[in-house]
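Chemist: See work.txt below, with compact mmCIF, C-alpha atoms.
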# COMPACT_ATOMS: atom_id res chain seq x y z
CA MET A 1 -28.58 236.99 -4.23
CA LEU A 2 -32.23 235.91 -4.06
CA ARG A 3 -32.37 235.79 -7.83
CA GLY A 4 -29.14 233.82 -7.97
CA GLY A 5 -30.55 231.34 -5.47
CA LEU A 6 -33.79 231.00 -7.39
CA SER A 7 -32.15 230.41 -10.74
CA VAL A 8 -29.69 227.89 -9.31
CA GLY A 9 -32.54 226.03 -7.63
CA ALA A 10 -34.71 226.14 -10.76
CA LEU A 11 -31.84 224.89 -12.90
CA SER A 12 -31.25 222.09 -10.41
CA LEU A 13 -34.89 221.04 -10.68
CA LEU A 14 -35.12 221.29 -14.47
CA THR A 15 -32.04 219.22 -15.08
CA GLY A 16 -33.19 216.81 -12.40
CA CYS A 17 -29.68 216.46 -11.09
CA ASP A 18 -27.64 217.64 -8.20
CA LEU A 19 -25.57 220.70 -9.10
CA SER A 20 -23.93 221.03 -5.70
CA ASP A 21 -20.47 220.30 -7.04
CA HIS A 22 -20.44 223.16 -9.57
CA ASP A 23 -18.24 226.14 -8.73
CA SER A 24 -20.97 228.64 -9.64
CA VAL A 25 -23.45 226.91 -7.31
CA GLN A 26 -20.90 226.82 -4.51
CA ARG A 27 -20.31 230.56 -4.98
CA VAL A 28 -24.03 231.29 -4.57
CA LEU A 29 -24.19 229.03 -1.49
CA ALA A 30 -21.10 230.76 -0.06
CA ARG A 31 -22.84 234.12 -0.40
CA PHE A 32 -25.85 232.83 1.51
CA SER A 33 -23.44 231.43 4.12
CA ALA A 34 -21.74 234.83 4.48
CA TRP A 35 -25.18 236.43 4.90
CA ASN A 36 -25.96 233.84 7.59
CA ASP A 37 -22.70 234.81 9.35
CA ARG A 38 -23.96 238.38 9.61
CA VAL A 39 -27.42 237.30 10.80
CA GLN A 40 -25.91 235.07 13.48
CA ALA A 41 -23.50 237.76 14.68
CA ALA A 42 -26.48 240.11 15.02
CA LEU A 43 -28.49 237.48 16.94
CA PHE A 44 -25.60 236.77 19.32
CA SER A 45 -25.59 238.41 22.73
CA GLN A 46 -22.97 238.07 25.45
CA ARG A 47 -25.73 238.27 28.02
CA ARG A 48 -27.60 235.34 26.52
CA LEU A 49 -26.35 232.23 28.29
CA ALA A 50 -26.50 228.70 26.97
CA PRO A 51 -28.75 226.51 29.13
CA THR A 52 -26.91 224.68 31.92
CA PHE A 53 -27.96 221.35 33.35
CA PRO A 54 -27.66 219.52 36.69
CA ASP A 55 -24.39 217.56 37.18
CA ALA A 56 -26.34 214.30 37.08
CA MET A 57 -27.24 214.92 33.42
CA ALA A 58 -23.59 215.14 32.35
CA VAL A 59 -22.50 212.12 30.30
CA LYS A 60 -19.50 210.35 31.84
CA ASP A 61 -18.35 208.48 28.74
CA PHE A 62 -18.36 211.39 26.31
CA ARG A 63 -18.47 210.63 22.59
CA TYR A 64 -15.08 210.73 20.92
CA ASN A 65 -15.24 212.68 17.67
CA ALA A 66 -12.56 213.51 15.10
CA TRP A 67 -11.63 212.63 11.53
CA TYR A 68 -8.93 210.29 12.85
CA GLY A 69 -9.08 207.42 15.35
CA ALA A 70 -8.60 208.09 19.07
CA ASP A 71 -5.28 206.17 18.96
CA LYS A 72 -3.95 208.79 16.52
CA ALA A 73 -4.64 211.68 18.89
CA PRO A 74 -1.46 213.68 19.62
CA ARG A 75 0.12 213.05 23.03
CA LEU A 76 1.44 216.34 24.34
CA ASP A 77 4.10 216.08 27.03
CA PRO A 78 3.46 218.60 29.84
CA ALA A 79 7.24 218.84 30.31
CA ASP A 80 7.76 220.62 27.02
CA TYR A 81 4.28 221.87 26.12
CA ARG A 82 4.10 225.64 25.78
CA LEU A 83 1.03 227.60 24.72
CA VAL A 84 2.23 230.14 22.14
CA LEU A 85 0.56 233.55 21.93
CA ALA A 86 0.58 235.77 18.86
CA GLY A 87 -1.02 238.81 17.29
CA ARG A 88 -2.58 241.70 19.18
CA ILE A 89 -1.53 240.57 22.64
CA ALA A 90 0.55 242.70 25.05
CA ASN A 91 2.29 239.88 26.93
CA LYS A 92 3.26 237.05 24.60
CA LYS A 93 5.20 234.97 27.11
CA PRO A 94 4.44 231.27 26.39
CA TRP A 95 2.45 229.36 29.04
CA SER A 96 3.23 225.97 30.56
CA VAL A 97 0.55 223.50 31.64
CA ASP A 98 1.22 224.22 35.33
CA GLU A 99 0.84 227.95 34.76
CA LEU A 100 -2.43 227.35 32.90
CA HIS A 101 -3.74 225.10 35.69
CA ALA A 102 -2.99 227.84 38.23
CA LEU A 103 -5.53 230.15 36.56
CA PRO A 104 -8.93 230.64 38.28
CA GLN A 105 -11.36 227.96 37.17
CA VAL A 106 -15.09 227.39 36.94
CA SER A 107 -17.23 224.36 36.09
CA GLN A 108 -20.21 224.18 33.82
CA VAL A 109 -22.56 221.48 32.57
CA THR A 110 -23.58 222.41 29.05
CA ARG A 111 -24.68 220.77 25.86
CA HIS A 112 -22.37 220.02 22.97
CA VAL A 113 -24.32 220.23 19.68
CA CYS A 114 -22.69 218.65 16.64
CA VAL A 115 -23.28 220.07 13.17
CA GLU A 116 -24.44 216.56 12.21
CA GLY A 117 -27.32 216.84 14.65
CA TRP A 118 -26.35 214.72 17.64
CA SER A 119 -25.96 216.39 21.01
CA MET A 120 -24.49 215.42 24.36
CA ILE A 121 -24.37 217.06 27.76
CA GLY A 122 -21.01 217.17 29.49
CA LYS A 123 -19.28 218.79 32.43
CA TRP A 124 -16.28 220.93 31.57
CA SER A 125 -14.06 222.86 33.96
CA GLY A 126 -11.50 225.47 33.19
CA THR A 127 -10.72 229.14 32.87
CA PRO A 128 -13.11 231.52 31.12
CA LEU A 129 -11.31 232.58 27.94
CA HIS A 130 -12.08 236.24 28.69
CA THR A 131 -10.17 235.94 31.99
CA PHE A 132 -7.14 234.59 30.14
CA LEU A 133 -7.41 237.21 27.38
CA GLU A 134 -7.45 239.95 30.02
CA ARG A 135 -4.49 238.36 31.83
CA ILE A 136 -2.32 238.37 28.69
CA GLY A 137 -3.38 241.85 27.61
CA ALA A 138 -5.22 240.82 24.46
CA ASP A 139 -6.69 243.68 22.47
CA ALA A 140 -10.44 243.20 22.99
CA THR A 141 -11.17 245.64 20.16
CA ALA A 142 -9.70 243.15 17.68
CA ARG A 143 -12.31 241.20 15.74
CA TYR A 144 -11.19 237.58 16.08
CA VAL A 145 -9.39 235.03 18.18
CA GLY A 146 -7.73 232.15 16.33
CA PHE A 147 -6.48 228.74 17.47
CA GLU A 148 -3.86 226.35 16.07
CA CYS A 149 -3.84 222.79 17.32
CA ALA A 150 -1.37 219.91 17.67
CA ASP A 151 -3.50 217.59 15.50
CA GLY A 152 -3.37 219.94 12.52
CA TYR A 153 -6.77 221.41 13.33
CA TYR A 154 -7.30 225.16 13.24
CA GLU A 155 -10.28 227.30 14.16
CA GLY A 156 -11.23 230.84 14.95
CA ILE A 157 -14.08 232.72 16.56
CA ASP A 158 -15.47 236.24 16.70
CA MET A 159 -14.35 238.41 19.63
CA PRO A 160 -17.87 238.69 21.17
CA THR A 161 -17.99 234.88 21.46
CA ALA A 162 -14.42 234.79 22.82
CA LEU A 163 -15.50 237.19 25.58
CA HIS A 164 -18.77 235.33 26.31
CA PRO A 165 -18.82 234.32 30.01
CA GLN A 166 -19.35 230.62 29.17
CA THR A 167 -16.48 230.31 26.67
CA LEU A 168 -13.85 228.25 28.49
CA MET A 169 -10.31 226.97 28.16
CA ALA A 170 -11.43 223.55 29.42
CA PHE A 171 -8.75 221.65 31.36
CA ARG A 172 -11.13 219.03 32.72
CA LEU A 173 -13.96 216.84 31.48
CA SER A 174 -16.18 215.08 34.04
CA ASP A 175 -13.91 216.44 36.84
CA GLU A 176 -10.86 214.67 35.41
CA ILE A 177 -7.83 216.16 33.70
CA LEU A 178 -8.75 216.23 30.01
CA PRO A 179 -7.77 212.80 28.63
CA THR A 180 -5.48 212.77 25.59
CA LYS A 181 -8.17 211.92 23.05
CA TYR A 182 -10.39 214.81 24.23
CA GLY A 183 -7.67 217.38 23.64
CA TYR A 184 -5.08 217.50 26.45
CA PRO A 185 -3.93 219.93 27.73
CA PHE A 186 -7.07 221.89 26.89
CA LYS A 187 -9.89 222.42 24.46
CA ILE A 188 -11.79 225.61 23.81
CA ARG A 189 -15.30 224.84 25.02
CA ILE A 190 -17.96 227.14 23.53
CA PRO A 191 -21.54 226.18 24.40
CA THR A 192 -22.86 228.89 22.03
CA LYS A 193 -21.18 227.31 18.99
CA LEU A 194 -21.44 224.03 17.13
CA GLY A 195 -19.04 221.31 18.23
CA PHE A 196 -16.51 221.77 15.44
CA LYS A 197 -15.90 225.35 16.65
CA ASN A 198 -14.48 223.81 19.88
CA PRO A 199 -10.81 223.10 19.01
CA LYS A 200 -8.76 220.57 21.02
CA PHE A 201 -4.98 220.24 21.66
CA VAL A 202 -4.62 224.03 21.37
CA THR A 203 -0.99 225.07 20.95
CA THR A 204 -1.35 228.65 19.73
CA ILE A 205 -3.83 231.43 20.45
CA TYR A 206 -3.71 234.54 18.31
CA VAL A 207 -5.71 237.76 18.21
CA THR A 208 -6.35 239.38 14.87
CA ASP A 209 -8.63 241.50 12.69
CA GLN A 210 -8.43 239.02 9.84
CA GLN A 211 -11.02 236.25 9.91
CA PRO A 212 -9.21 233.02 10.89
CA ARG A 213 -9.77 230.02 8.69
CA GLY A 214 -11.27 226.86 10.14
CA TYR A 215 -10.64 223.22 9.32
CA TRP A 216 -14.29 222.47 8.54
CA THR A 217 -15.18 225.94 7.26
CA ASP A 218 -12.47 225.39 4.64
CA ARG A 219 -14.51 222.31 3.69
CA GLY A 220 -17.70 224.31 3.17
CA TYR A 221 -19.25 224.59 6.62
CA ASN A 222 -20.64 227.91 7.83
CA TRP A 223 -18.03 230.09 9.51
CA PHE A 224 -19.97 231.61 12.45
CA SER A 225 -21.81 228.37 13.29
CA GLY A 226 -23.48 229.79 16.36
CA ILE A 227 -26.32 227.94 18.02
CA MET B 1 -78.04 228.89 -23.65
CA THR B 2 -74.30 229.26 -23.24
CA ALA B 3 -72.46 226.26 -21.86
CA LEU B 4 -71.40 226.68 -18.25
CA ARG B 5 -67.63 226.64 -17.76
CA ASP B 6 -65.75 226.00 -14.56
CA GLU B 7 -62.79 228.22 -14.11
CA GLN B 8 -59.74 228.35 -11.88
CA ARG B 9 -57.75 231.55 -11.43
CA HIS B 10 -54.49 232.09 -9.56
CA PRO B 11 -53.29 235.70 -9.28
CA LEU B 12 -49.59 236.36 -9.91
CA ALA B 13 -48.62 236.82 -6.24
CA ARG B 14 -50.10 233.45 -5.32
CA ARG B 15 -48.35 231.74 -8.23
CA ILE B 16 -44.97 233.25 -7.40
CA ALA B 17 -45.34 232.35 -3.72
CA HIS B 18 -46.49 228.83 -4.66
CA TRP B 19 -43.57 228.07 -6.97
CA VAL B 20 -40.87 229.61 -4.80
CA MET B 21 -42.29 227.64 -1.89
CA ALA B 22 -42.37 224.45 -4.00
CA LEU B 23 -38.77 224.92 -5.08
CA SER B 24 -37.48 225.77 -1.61
CA ILE B 25 -39.37 222.84 -0.03
CA LEU B 26 -37.78 220.41 -2.51
CA VAL B 27 -34.33 221.82 -1.70
CA MET B 28 -35.08 221.65 2.03
CA ILE B 29 -36.17 218.00 1.75
CA GLY B 30 -33.22 216.87 -0.40
CA SER B 31 -30.61 218.66 1.71
CA GLY B 32 -32.39 217.71 4.94
CA TRP B 33 -32.16 214.03 4.00
CA ARG B 34 -28.39 214.34 3.46
CA ILE B 35 -28.01 216.06 6.84
CA TYR B 36 -30.20 213.39 8.47
CA ASN B 37 -27.94 210.67 7.01
CA ALA B 38 -24.95 212.16 8.87
CA SER B 39 -26.59 211.32 12.20
CA PRO B 40 -29.80 209.33 11.71
CA ILE B 41 -32.43 209.34 14.46
CA PHE B 42 -34.29 206.28 13.13
CA PRO B 43 -32.83 202.94 12.00
CA PHE B 44 -32.65 203.90 8.33
CA ILE B 45 -31.00 206.41 6.05
CA PHE B 46 -32.02 207.90 2.71
CA PRO B 47 -30.34 206.70 -0.48
CA ASP B 48 -27.66 209.17 -1.61
CA TRP B 49 -29.30 209.68 -5.01
CA ALA B 50 -32.40 211.08 -3.30
CA THR B 51 -30.39 213.61 -1.31
CA LEU B 52 -28.93 216.99 -2.21
CA GLY B 53 -25.31 217.91 -1.54
CA GLY B 54 -23.23 216.63 -4.45
CA ASP B 55 -21.29 213.43 -5.04
CA VAL B 56 -20.77 211.78 -1.66
CA GLU B 57 -17.70 209.76 -2.61
CA ALA B 58 -16.02 212.60 -4.51
CA SER B 59 -16.59 214.93 -1.59
CA LEU B 60 -15.22 212.35 0.87
CA ALA B 61 -12.17 211.84 -1.34
CA ARG B 62 -11.66 215.57 -1.76
CA HIS B 63 -11.77 216.57 1.89
CA GLY B 64 -13.30 213.95 4.12
CA ASP B 65 -16.82 215.34 4.15
CA PRO B 66 -19.75 213.37 2.65
CA GLY B 67 -21.31 216.49 1.12
CA VAL B 68 -22.95 217.44 4.40
CA ALA B 69 -21.32 220.88 4.19
CA SER B 70 -23.04 221.50 0.85
CA ALA B 71 -26.31 220.08 2.14
CA ILE B 72 -26.24 222.43 5.13
CA ALA B 73 -25.37 225.34 2.85
CA TRP B 74 -28.40 224.47 0.70
CA HIS B 75 -30.62 224.06 3.76
CA PHE B 76 -29.67 227.41 5.30
CA ALA B 77 -29.97 229.22 1.95
CA ALA B 78 -33.34 227.72 0.97
CA MET B 79 -34.75 228.41 4.43
CA TRP B 80 -34.81 232.13 3.64
CA LEU B 81 -36.67 231.49 0.38
CA LEU B 82 -39.10 229.20 2.18
CA VAL B 83 -39.86 231.66 4.98
CA ALA B 84 -40.24 234.55 2.52
CA SER B 85 -42.53 232.65 0.14
CA TYR B 86 -44.51 231.12 3.01
CA LEU B 87 -45.14 234.55 4.55
CA LEU B 88 -46.12 235.93 1.13
CA PHE B 89 -48.46 233.00 0.53
CA VAL B 90 -50.08 233.13 3.97
CA LEU B 91 -50.39 236.91 4.19
CA TRP B 92 -51.72 237.17 0.65
CA GLY B 93 -54.08 234.24 1.20
CA ALA B 94 -55.44 235.69 4.42
CA LEU B 95 -55.71 239.32 3.30
CA SER B 96 -57.09 238.65 -0.18
CA GLY B 97 -59.76 236.38 1.27
CA HIS B 98 -58.51 233.40 -0.78
CA PHE B 99 -58.11 231.18 2.29
CA TRP B 100 -61.53 232.00 3.78
CA ARG B 101 -63.32 231.82 0.43
CA ASP B 102 -61.73 228.66 -0.96
CA PHE B 103 -60.45 226.65 2.04
CA LEU B 104 -63.57 227.14 4.23
CA PRO B 105 -65.94 225.82 5.40
CA VAL B 106 -64.35 222.54 6.33
CA GLY B 107 -64.98 220.16 9.21
CA PRO B 108 -64.60 216.53 10.25
CA LYS B 109 -68.00 215.62 8.82
CA SER B 110 -67.41 217.02 5.33
CA VAL B 111 -63.85 215.63 5.27
CA THR B 112 -65.12 212.12 6.15
CA ARG B 113 -67.89 212.37 3.58
CA ASP B 114 -65.58 213.49 0.76
CA MET B 115 -62.88 211.03 1.74
CA LEU B 116 -65.37 208.14 1.56
CA ALA B 117 -66.68 209.43 -1.77
CA ALA B 118 -63.14 209.69 -3.13
CA LEU B 119 -62.32 206.14 -2.03
CA ARG B 120 -65.37 204.90 -3.97
CA PHE B 121 -64.35 207.05 -6.95
CA ARG B 122 -67.54 209.03 -6.58
CA LEU B 123 -66.02 212.40 -5.77
CA GLU B 124 -66.59 214.82 -8.60
CA HIS B 125 -63.92 217.36 -9.33
CA ARG B 126 -64.83 220.84 -10.47
CA LEU B 127 -62.09 223.18 -11.54
CA GLY B 128 -61.77 226.07 -9.13
CA GLU B 129 -63.60 224.34 -6.33
CA TYR B 130 -61.92 222.39 -3.56
CA ASN B 131 -63.49 219.39 -1.87
CA ALA B 132 -63.30 219.04 1.91
CA VAL B 133 -60.31 216.68 1.81
CA GLN B 134 -58.36 219.18 -0.27
CA LYS B 135 -59.31 222.04 2.04
CA ALA B 136 -58.16 220.06 5.08
CA ALA B 137 -54.94 219.07 3.29
CA TYR B 138 -54.13 222.69 2.46
CA TRP B 139 -54.66 223.79 6.07
CA GLY B 140 -52.64 220.78 7.16
CA VAL B 141 -49.65 221.46 4.94
CA LEU B 142 -49.66 225.17 5.86
CA ALA B 143 -49.58 224.13 9.53
CA ALA B 144 -46.83 221.58 8.82
CA VAL B 145 -44.62 224.22 7.18
CA ALA B 146 -45.17 226.52 10.18
CA LEU B 147 -44.17 223.63 12.46
CA MET B 148 -41.05 223.06 10.33
CA ILE B 149 -40.08 226.72 10.65
CA VAL B 150 -40.54 226.78 14.43
CA SER B 151 -38.88 223.39 15.09
CA GLY B 152 -36.16 224.38 12.60
CA ILE B 153 -35.38 227.52 14.63
CA ALA B 154 -35.20 225.38 17.78
CA ILE B 155 -32.61 223.14 16.05
CA TRP B 156 -30.63 225.88 14.27
CA LYS B 157 -30.46 228.17 17.32
CA PRO B 158 -31.08 226.06 20.45
CA VAL B 159 -29.22 228.59 22.63
CA GLN B 160 -30.52 231.85 21.13
CA SER B 161 -34.10 230.52 20.96
CA TYR B 162 -34.01 228.75 24.33
CA PRO B 163 -36.43 227.67 25.86
CA LEU B 164 -38.29 227.18 22.56
CA GLU B 165 -37.02 223.58 22.36
CA ILE B 166 -38.99 222.67 25.49
CA LEU B 167 -42.12 222.87 23.31
CA PHE B 168 -40.76 219.81 21.53
CA GLY B 169 -39.47 218.00 24.61
CA GLY B 170 -35.91 219.31 24.26
CA PHE B 171 -33.34 219.45 21.47
CA PRO B 172 -33.53 215.75 20.46
CA GLY B 173 -37.33 216.04 20.50
CA ALA B 174 -37.19 219.03 18.17
CA ARG B 175 -35.25 216.89 15.67
CA ILE B 176 -37.95 214.22 15.81
CA VAL B 177 -40.72 216.79 15.32
CA HIS B 178 -38.74 218.31 12.43
CA PHE B 179 -38.51 214.86 10.85
CA LEU B 180 -42.22 214.07 11.32
CA GLY B 181 -43.19 217.45 9.86
CA MET B 182 -41.03 216.62 6.83
CA ALA B 183 -42.78 213.25 6.49
CA ALA B 184 -46.20 214.97 6.56
CA ILE B 185 -45.10 217.42 3.86
CA VAL B 186 -43.71 214.62 1.68
CA LEU B 187 -47.02 212.75 2.02
CA PHE B 188 -48.88 215.92 1.01
CA LEU B 189 -46.57 216.41 -1.97
CA VAL B 190 -47.13 212.86 -3.24
CA VAL B 191 -50.92 213.25 -3.16
CA HIS B 192 -50.80 216.86 -4.39
CA VAL B 193 -48.66 215.99 -7.41
CA ALA B 194 -50.65 212.80 -8.15
CA LEU B 195 -53.93 214.75 -8.20
CA THR B 196 -52.36 217.39 -10.43
CA LEU B 197 -51.36 214.70 -12.89
CA ILE B 198 -54.95 213.38 -12.89
CA VAL B 199 -56.33 216.89 -13.56
CA PRO B 200 -53.52 218.66 -15.47
CA ARG B 201 -55.59 221.81 -15.99
CA THR B 202 -54.98 222.68 -12.33
CA LEU B 203 -51.27 222.76 -13.12
CA LEU B 204 -51.96 225.00 -16.11
CA ALA B 205 -53.84 227.42 -13.86
CA MET B 206 -50.96 227.52 -11.37
CA VAL B 207 -48.53 228.25 -14.22
CA VAL B 208 -50.34 230.73 -16.47
CA GLY B 209 -52.90 231.97 -13.96
CA ARG B 210 -56.11 230.76 -15.52
CA ALA B 211 -57.72 227.53 -16.79
CA SER B 212 -61.27 226.55 -17.61
CA GLU B 213 -63.26 223.58 -18.79
CA PRO B 214 -66.92 222.90 -19.62
CA ARG B 215 -68.94 222.09 -16.54
CA HIS B 216 -69.54 218.39 -16.15
CA GLY B 217 -71.27 216.08 -13.70
CA VAL B 218 -72.62 217.29 -10.42
CA SER B 219 -70.82 219.44 -7.91
CA SER B 220 -70.05 218.16 -4.46
CA GLU B 221 -72.72 220.55 -3.21
CA ASN B 222 -75.37 218.42 -4.94
CA LEU B 223 -74.13 215.25 -3.31
CA ARG B 224 -75.31 216.35 0.10
Write the structure described by the file as structure tokens, please.
Modeler:
Amino acid sequence: MLRGGLSVGALSLLTGCDLSDHDSVQRVLARFSAWNDRVQAALFSQRRLAPTFPDAMAVKDFRYNAWYGADKAPRLDPADYRLVLAGRIANKKPWSVDELHALPQVSQVTRHVCVEGWSMIGKWSGTPLHTFLERIGADATARYVGFECADGYYEGIDMPTALHPQTLMAFRLSDEILPTKYGYPFKIRIPTKLGFKNPKFVTTIYVTDQQPRGYWTDRGYNWFSGI
Amino acid sequence: MTALRDEQRHPLARRIAHWVMALSILVMIGSGWRIYNASPIFPFIFPDWATLGGDVEASLARHGDPGVASAIAWHFAAMWLLVASYLLFVLWGALSGHFWRDFLPVGPKSVTRDMLAALRFRLEHRLGEYNAVQKAAYWGVLAAVALMIVSGIAIWKPVQSYPLEILFGGFPGARIVHFLGMAAIVLFLVVHVALTLIVPRTLLAMVVGRASEPRHGVSSENLR
């Protein structure tokens, strides 16, 4: 791998051009990325909490971020919304918004870090994902939890991150019911992951041993993307 | 009487570490500029042709990403090469005595003296011997790379490395420090490469391990 990296880099220099778009180069980069997945999984600890901040530091007008305009965000009607459960889960009964809101909730002020480099502190409230996973009888020995979303987005995370105490199903932002453009009825808020690993408009949660794909990881971003 | 020859030698380990470091630093800079462009912290961006990450427009057309994914993949691959070569270079330099023998002594007085001499084109160069400005620059760039590694960890893993970022005034501060460290390294590279072009034998020594030339002029020792 090291030799592959060296020769690709040397070739890049000698030809004086950018070889990023070549399949062979992408394969070498993908191997480094897979290695980085393993390093990050080893670095991760469920006892290591993301820093939290005073309420006053939470931004009220949180940055809207998606590949489509806010006016294109899907409007989910609470009357017919049902959260679908699949995979290694004992009780797969779908959940309505009211049932979700009745779950025990916590609040946390944490920092959202975008893969592009910008960061923003916000206040999210909701149910710890591990609480929900226990409630539905999810198999915690499975390796991954995946998410499908109403805007066509899809993501997935490793089980240790899913069980991390700060990983939330966030129903509220800045103490208000999550507005449409931020992912109503809920987003998965993970302060130990980059922003794009925080899916919005979640419609399906599944538990699996097969690594879920991700919208941006399919476009070349690192899968684990822990911070 | 045999003619005196100045000689410069670079053992294999130093040459390998030097070139791997050079390569990885160039990849880090090119990919870092593309990543910077995605969310600039100053009121300018780098031209796409100077950045690494593939064709911006083709990548946008293909899947809505301006090659930042590739740039990040480069950055987080080359970082391993950089850390490995940097450790090899520093450990070898410290343990072999190279650093202490060739980069010392150096101080503000000798740096000022040699800088002034260089500006008046009166600084003699002798192969295999570094003037005070060079010595200071080598210490400086070694420190800058160390700063890049530490601030880079604070940016890559702000949660796992917390509270490391506080050293830099928080996460946004770490990005600024990471940028300034890059700027210092780029400045070093410009001067370093320019001087190499003026005295190409130094490049020869760093490639094949050895270069020599007849002694000429007076050494900087005699200028004192």
Chemist: Please find the residues of chain B near chain A - the criterion being any atom within 6 Å, counting only C-alpha atoms - and write them as a list of chain:residue names.
Modeler: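 The selection requested is B:Ala38, B:Ser39, B:Gly53, B:Gly54, B:Ala69, B:Ala73, B:Ala77, B:Lys157, B:Pro158, B:Val159.
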Chemist: Could you dump the residues just selected with C-alpha atoms as an mmCIF file, in the frame of the given file?
Modeler:
data_model
loop_
_atom_site.group_PDB
_atom_site.id
_atom_site.type_symbol
_atom_site.label_atom_id
_atom_site.label_comp_id
_atom_site.auth_asym_id
_atom_site.auth_seq_id
_atom_site.Cartn_x
_atom_site.Cartn_y
_atom_site.Cartn_z
ATOM 1 C CA ALA B 38 -24.950 212.160 8.870
ATOM 2 C CA SER B 39 -26.590 211.320 12.200
ATOM 3 C CA GLY B 53 -25.310 217.910 -1.540
ATOM 4 C CA GLY B 54 -23.230 216.630 -4.450
ATOM 5 C CA ALA B 69 -21.320 220.880 4.190
ATOM 6 C CA ALA B 73 -25.370 225.340 2.850
ATOM 7 C CA ALA B 77 -29.970 229.220 1.950
ATOM 8 C CA LYS B 157 -30.460 228.170 17.320
ATOM 9 C CA PRO B 158 -31.080 226.060 20.450
ATOM 10 C CA VAL B 159 -29.220 228.590 22.630
#
Chemist: Please identify all polymer residues within 9 Å of stretch 168-181 of chain A, counting only C-alpha atoms, omitting same-chain residues fewer than 2 positions from it, and present them as JSON, numbers by chain.
Modeler: {"A": [58, 59, 60, 61, 62, 64, 65, 69, 70, 71, 72, 73, 74, 75, 76, 100, 101, 105, 106, 107, 122, 123, 124, 125, 126, 127, 128, 129, 130, 132, 162, 164, 165, 166, 183, 184, 185, 186, 187, 188, 189, 190, 191, 200, 201]}
Chemist: What gap, in Å, lies between atom CA of A:Gly156 and atom CA of A:Tyr68?
Modeler: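 Separating atom CA of A:Gly156 from atom CA of A:Tyr68 is a distance of 20.8 Å.
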Chemist: I'd like the neighbourhood of B:Arg175 as JSON, numbers by chain, where a residue qualifies if any of its atoms comes within 9 Å (using only C-alpha atoms), though same-chain residues fewer than 3 positions away should be ignored.
Modeler: {"A": [117], "B": [41, 151, 152, 154, 155, 168, 170, 171, 172, 178, 179, 180]}
Chemist: Provide the atom CA of B:Ser212 to atom CA of B:Glu7 distance in Å, to one decimal place.
Modeler: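 So the answer is 4.2 Å.
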Chemist: Go ahead and compute the interatomic distance for atom CA of A:Ala66 and atom CA of A:Val39, in Å to one decimal.
Modeler: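 Value for the atom CA of A:Ala66-atom CA of A:Val39 distance: 28.4 Å.
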Chemist: Just the residues within 12 Å of B:His125, please, counting only C-alpha atoms, with nothing from its chain fewer than 3 positions along; format it as a list of chain:residue names.
Modeler: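 Result of the neighbour search: B:Asp6, B:Glu7, B:Asp114, B:Ala117, B:Ala118, B:Phe121, B:Arg122, B:Gly128, B:Glu129, B:Tyr130, B:Asn131, B:Ala132, B:Val133, B:Gln134, B:Leu195, B:Thr196, B:Ile198, B:Val199, B:Arg201, B:Thr202, B:Glu213, B:Arg215, B:His216, B:Gly217, B:Val218, B:Ser219, B:Ser220, B:Glu221.
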Chemist: Give as a PyMOL selection string the set of residues within 10 Å of the point (-54.8, 236.2, -10.4), where distances use the file's coordinates and only C-alpha atoms.
Modeler: chain B and resi 8-15+205-206+208-210
Chemist: Show me, as number ranges by chain, the residues that have an atom within 8 Å of stretch 203-207 of chain A when counting all atoms listed in the file, minus same-chain residues fewer than 6 positions from it.
Modeler: A: 82-89, 138-139, 142-150
Chemist: Name the closest residue to A:Trp95 among the candidates A:Asp77, A:Ile136, A:Arg27, A:Asp151; distances are taken between atoms, counting all atoms listed in the file.
Modeler: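 Counting all atoms listed in the file, the residue closest to A:Trp95 is A:Ile136.
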Chemist: For each of A:Ser96, A:Thr141, A:Gln108, A:Thr167, take the minimum atom-to-atom distance to A:Asn198, counting only C-alpha atoms, then give the residue where this is smallest.
Modeler: A:Thr167
